[in-house]
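Printed here is target04.csv (CSV, C-alpha atoms):
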chain,number,residue,atom,x,y,z
A,12,MET,CA,102.0,164.8,-38.8
A,13,SER,CA,103.2,162.1,-36.5
A,14,GLY,CA,102.1,161.2,-33.0
A,15,ARG,CA,104.2,161.5,-30.0
A,16,GLY,CA,107.1,159.1,-30.1
A,17,GLN,CA,106.4,158.0,-33.7
A,18,PRO,CA,109.2,158.0,-36.4
A,19,VAL,CA,109.2,160.9,-38.7
A,20,GLN,CA,110.1,160.9,-42.4
A,21,VAL,CA,112.8,163.5,-43.1
A,22,ILE,CA,113.8,164.6,-46.5
A,23,THR,CA,117.4,166.0,-46.7
A,24,GLY,CA,119.1,166.8,-50.0
A,25,GLY,CA,116.6,164.8,-52.0
A,26,ALA,CA,117.1,161.6,-49.9
A,27,GLU,CA,114.5,160.3,-47.4
A,28,ARG,CA,115.5,158.8,-44.1
A,29,GLU,CA,113.8,157.9,-40.9
A,30,ALA,CA,114.6,160.2,-38.0
A,31,LYS,CA,113.9,159.3,-34.4
A,32,PRO,CA,111.9,161.8,-32.5
A,33,LEU,CA,113.6,163.9,-29.8
A,34,ASN,CA,111.8,162.2,-26.9
A,35,ASP,CA,112.9,158.7,-28.0
A,36,PRO,CA,115.3,157.4,-25.3
A,37,ALA,CA,117.3,155.6,-28.1
A,38,ALA,CA,118.0,158.9,-29.9
A,39,PRO,CA,121.7,159.7,-29.4
A,40,GLU,CA,122.6,163.2,-28.1
A,41,ASP,CA,125.0,165.0,-30.4
A,42,LYS,CA,127.9,165.9,-28.2
A,43,SER,CA,130.4,166.5,-31.0
A,44,GLY,CA,130.3,170.2,-30.2
A,45,LEU,CA,131.5,169.4,-26.6
A,46,TRP,CA,134.4,167.4,-28.0
A,47,PHE,CA,135.3,170.2,-30.4
A,48,ALA,CA,135.2,172.7,-27.5
A,49,ARG,CA,137.4,170.4,-25.3
A,50,ILE,CA,140.0,170.1,-28.1
A,51,PHE,CA,140.1,173.9,-28.7
A,52,ILE,CA,140.3,174.6,-25.0
A,53,GLY,CA,143.0,172.0,-24.6
A,54,ILE,CA,145.1,173.5,-27.4
A,55,GLY,CA,144.6,176.9,-25.9
A,56,VAL,CA,145.7,175.7,-22.4
A,57,ALA,CA,148.7,174.0,-24.0
A,58,LEU,CA,149.7,177.2,-25.8
A,59,LEU,CA,149.3,179.2,-22.5
A,60,ALA,CA,151.6,176.6,-20.8
A,61,LEU,CA,154.2,177.0,-23.5
A,62,ALA,CA,153.9,180.8,-23.1
A,63,SER,CA,154.5,180.5,-19.4
A,64,VAL,CA,157.5,178.3,-20.1
A,65,GLY,CA,158.9,181.0,-22.3
A,66,VAL,CA,158.4,183.6,-19.7
A,67,ALA,CA,160.0,181.4,-17.0
A,68,ARG,CA,162.9,180.7,-19.3
A,69,GLN,CA,163.5,184.4,-19.9
A,70,ALA,CA,163.1,185.1,-16.2
A,71,LEU,CA,166.0,182.7,-15.4
A,72,GLN,CA,168.1,184.3,-18.1
A,73,GLY,CA,169.1,187.9,-17.4
A,74,GLY,CA,168.4,189.4,-14.0
A,75,SER,CA,167.8,192.4,-12.0
A,76,GLU,CA,170.5,194.7,-13.5
A,77,THR,CA,170.0,196.5,-16.8
A,78,THR,CA,172.5,198.3,-18.9
A,79,THR,CA,173.2,198.9,-22.6
A,80,GLY,CA,175.6,197.1,-24.8
A,81,THR,CA,177.0,197.4,-28.3
A,82,VAL,CA,176.7,194.9,-31.1
A,83,VAL,CA,180.3,194.0,-31.9
A,84,ARG,CA,179.7,191.3,-34.6
A,85,LEU,CA,177.2,189.1,-36.2
A,86,LEU,CA,177.6,185.3,-36.2
A,87,ALA,CA,176.1,183.3,-39.0
A,88,ALA,CA,174.1,180.3,-37.7
A,89,PRO,CA,172.6,177.7,-40.0
A,90,THR,CA,168.8,177.7,-40.1
A,91,SER,CA,168.7,174.0,-41.2
A,92,PHE,CA,170.6,171.2,-39.6
A,93,ASP,CA,170.4,168.9,-42.6
A,94,PRO,CA,174.0,167.7,-43.2
A,95,ASN,CA,173.0,166.4,-46.7
A,96,LEU,CA,171.9,169.9,-47.9
A,97,PRO,CA,174.4,171.3,-50.4
A,98,GLU,CA,176.2,174.4,-49.4
A,99,SER,CA,174.5,176.4,-52.1
A,100,ARG,CA,171.1,175.7,-50.6
A,101,ARG,CA,172.0,176.3,-47.0
A,102,ARG,CA,170.4,179.3,-45.3
A,103,TYR,CA,171.9,181.3,-42.4
A,104,ALA,CA,170.6,183.7,-39.8
A,105,ASP,CA,172.6,186.4,-38.1
A,106,CYS,CA,173.1,186.2,-34.4
A,107,PRO,CA,174.3,189.4,-32.7
A,108,VAL,CA,177.2,189.3,-30.2
A,109,VAL,CA,176.9,192.1,-27.7
A,110,ARG,CA,179.6,193.6,-25.5
A,111,PHE,CA,178.5,195.3,-22.3
A,112,THR,CA,180.0,196.5,-19.0
A,113,THR,CA,178.6,195.6,-15.6
A,114,ARG,CA,178.1,198.1,-12.8
A,115,GLU,CA,181.3,196.7,-11.3
A,116,GLY,CA,183.2,197.6,-14.5
A,117,SER,CA,183.9,194.1,-15.9
A,118,GLU,CA,183.4,193.7,-19.6
A,119,HIS,CA,181.4,190.7,-21.1
A,120,GLU,CA,180.3,189.5,-24.4
A,121,VAL,CA,177.1,187.5,-24.9
A,122,GLN,CA,175.3,186.1,-28.0
A,123,ALA,CA,171.7,187.1,-28.3
A,124,ALA,CA,169.2,184.3,-28.1
A,125,THR,CA,167.3,185.6,-31.2
A,126,CYS,CA,168.9,185.2,-34.6
A,127,ALA,CA,167.3,186.5,-37.8
A,128,SER,CA,167.8,186.9,-41.5
A,129,PRO,CA,167.9,189.8,-42.3
A,130,PRO,CA,169.5,190.7,-39.0
A,131,ASN,CA,167.6,192.5,-36.3
A,132,TYR,CA,170.7,194.5,-35.3
A,133,THR,CA,173.7,196.0,-37.0
A,134,VAL,CA,177.3,196.1,-35.8
A,135,GLY,CA,177.7,199.2,-33.6
A,136,GLU,CA,174.1,199.4,-32.6
A,137,ILE,CA,173.3,200.1,-28.9
A,138,VAL,CA,170.9,197.5,-27.4
A,139,PRO,CA,169.4,196.9,-23.9
A,140,VAL,CA,171.0,194.2,-21.8
A,141,SER,CA,169.6,192.6,-18.7
A,142,TYR,CA,172.0,190.5,-16.5
A,143,ASP,CA,172.4,188.8,-13.2
A,144,PRO,CA,175.2,190.4,-11.3
A,145,ASP,CA,176.3,187.0,-10.1
A,146,GLN,CA,176.3,185.5,-13.6
A,147,PRO,CA,176.7,188.3,-16.2
A,148,GLU,CA,177.7,185.7,-18.9
A,149,SER,CA,174.0,184.6,-19.0
A,150,ALA,CA,172.7,188.1,-19.9
A,151,ALA,CA,169.7,188.6,-22.1
A,152,VAL,CA,169.8,191.0,-25.0
A,153,GLY,CA,167.0,193.0,-26.4
A,154,GLY,CA,163.7,194.6,-25.5
A,155,PHE,CA,160.5,193.1,-24.3
A,156,PHE,CA,159.3,191.6,-27.7
A,157,THR,CA,162.7,190.2,-28.5
A,158,ARG,CA,163.1,188.5,-25.1
A,159,HIS,CA,159.4,187.3,-24.8
A,160,MET,CA,158.6,186.6,-28.5
A,161,LEU,CA,157.7,182.9,-27.8
A,162,ALA,CA,155.4,183.8,-25.0
A,163,VAL,CA,153.7,186.6,-26.9
A,164,VAL,CA,153.1,184.5,-30.0
A,165,CYS,CA,151.8,181.5,-28.0
A,166,ALA,CA,149.5,183.7,-25.9
A,167,GLY,CA,148.3,185.4,-29.0
A,168,PHE,CA,147.2,182.0,-30.5
A,169,ALA,CA,146.0,180.6,-27.1
A,170,VAL,CA,143.4,183.3,-26.3
A,171,PRO,CA,141.3,182.8,-29.5
A,172,PHE,CA,141.5,179.0,-29.1
A,173,VAL,CA,140.2,179.2,-25.5
A,174,LEU,CA,137.5,181.8,-26.3
A,175,ILE,CA,136.2,179.8,-29.3
A,176,GLY,CA,136.3,176.6,-27.2
A,177,LEU,CA,134.3,178.3,-24.4
A,178,PHE,CA,131.8,179.8,-26.8
A,179,VAL,CA,131.2,176.4,-28.6
A,180,ARG,CA,131.0,174.6,-25.2
A,181,ARG,CA,128.4,177.1,-24.0
A,182,SER,CA,126.4,177.0,-27.2
A,183,THR,CA,126.4,173.2,-27.3
A,184,ARG,CA,125.4,172.8,-23.7
A,185,ARG,CA,122.6,175.3,-24.3
A,186,ALA,CA,121.4,173.4,-27.4
A,187,LEU,CA,121.5,170.1,-25.6
A,188,ALA,CA,119.6,171.5,-22.6
A,189,GLU,CA,116.9,172.9,-25.0
A,190,ALA,CA,116.7,169.6,-26.8
A,191,ALA,CA,116.3,167.8,-23.5
A,192,GLU,CA,113.6,170.3,-22.4
A,193,LEU,CA,111.7,169.8,-25.7
A,194,SER,CA,112.1,166.0,-25.3
A,195,ARG,CA,110.8,166.2,-21.7
A,196,ARG,CA,107.8,168.3,-22.8
A,197,GLY,CA,107.1,165.9,-25.7
A,198,SER,CA,107.1,168.6,-28.3
For this file, produce the structure as structure tokens.
Amino acid sequence: MSGRGQPVQVITGGAEREAKPLNDPAAPEDKSGLWFARIFIGIGVALLALASVGVARQALQGGSETTTGTVVRLLAAPTSFDPNLPESRRRYADCPVVRFTTREGSEHEVQAATCASPPNYTVGEIVPVSYDPDQPESAAVGGFFTRHMLAVVCAGFAVPFVLIGLFVRRSTRRALAEAAELSRRGS
């Protein structure tokens, strides 16, 4: 047993080392948990910002009018932009081209923003289209998840990052407060 403020011999994993008592002013406070929390919360906030950019981007594309369109063809788009890749190793995704008619009766074709392999749509399939009556050529194709996939995925990752960061921050602050209280009491 050691007196107040006296070094204590600690045995960890078979090795002895000298540990400073809690009430020693030279003893460093372990704030690594706070840094961990800040990093997690920062990542979560960055992902939420990216999600809001995705929502804003989709809000600018499309508009107040909705209708249905028909997939008229699928365009093959390369998934890799490496020009040195041999043709036999190149991969392609299918991008649907949709034809729709506006309320005024004009017909337009627009390529969907989401391409996939295997394709999400087939030629002849009826799909929802949202468009701005002043700019129908910038219409958005697809339902909620297709149009807001980036935002949904980013928000899905952001929420756990923020929650874990807040939990670690709270736990670390509580542990530091308890250590300070014990140090103040001299226990």
Wanna dump the segment 56-85 of chain A-segment 129-144 of chain A contacts at 6 Å for me, each residue with its shortest atom pair and the distance in Å to one decimal, counting only C-alpha atoms, ordered by chain and number, as CSV?
residue,atom,partner,partner_atom,distance
A:Gly73,CA,A:Tyr142,CA,4.0
A:Gly74,CA,A:Asp143,CA,4.1
A:Ser75,CA,A:Asp143,CA,6.0
A:Glu76,CA,A:Tyr142,CA,5.4
A:Thr77,CA,A:Ser141,CA,4.4
A:Thr78,CA,A:Val140,CA,5.2
A:Thr79,CA,A:Pro139,CA,4.5
A:Gly80,CA,A:Val138,CA,5.4
A:Thr81,CA,A:Ile137,CA,4.6
A:Val82,CA,A:Val134,CA,4.9
A:Val83,CA,A:Val134,CA,5.3
A:Arg84,CA,A:Val134,CA,5.5
- [ ] Show which residues sit within 10 Å of Ala127 of chain A, as a VMD selection string. Count all atoms listed in the file, and ignore same-chain residues fewer than 6 positions away.
- [x] chain A and resid 87 to 88 90 103 to 107
Open item on the list: Would you compute the distance between atom CA of Ser99 of chain A and atom CA of Leu85 of chain A? Give it in Å to one decimal.
Closed with: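 These two atoms are separated by 20.5 Å.
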Output as JSON lines one row per residue of segment 94-173 of chain A within 9 Å of segment 52-56 of chain A: the closest atom pair and its distance in Å to one decimal place, counting all atoms listed in the file, sorted by chain and residue number ascending.
{"residue": "A:Cys165", "atom": "CA", "partner": "A:Gly55", "partner_atom": "CA", "distance": 8.8}
{"residue": "A:Ala166", "atom": "CA", "partner": "A:Gly55", "partner_atom": "CA", "distance": 8.4}
{"residue": "A:Phe168", "atom": "CA", "partner": "A:Gly55", "partner_atom": "CA", "distance": 7.3}
{"residue": "A:Ala169", "atom": "CA", "partner": "A:Gly55", "partner_atom": "CA", "distance": 4.1}
{"residue": "A:Val170", "atom": "CA", "partner": "A:Gly55", "partner_atom": "CA", "distance": 6.5}
{"residue": "A:Pro171", "atom": "CA", "partner": "A:Gly55", "partner_atom": "CA", "distance": 7.7}
{"residue": "A:Phe172", "atom": "CA", "partner": "A:Gly55", "partner_atom": "CA", "distance": 4.9}
{"residue": "A:Val173", "atom": "CA", "partner": "A:Ile52", "partner_atom": "CA", "distance": 4.6}
Open item on the list: One number please: atom CA of His159 of chain A to atom CA of Ile50 of chain A, in Å, one decimal.
Closed with: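 Calculated distance between atom CA of His159 of chain A and atom CA of Ile50 of chain A is 26.1 Å.
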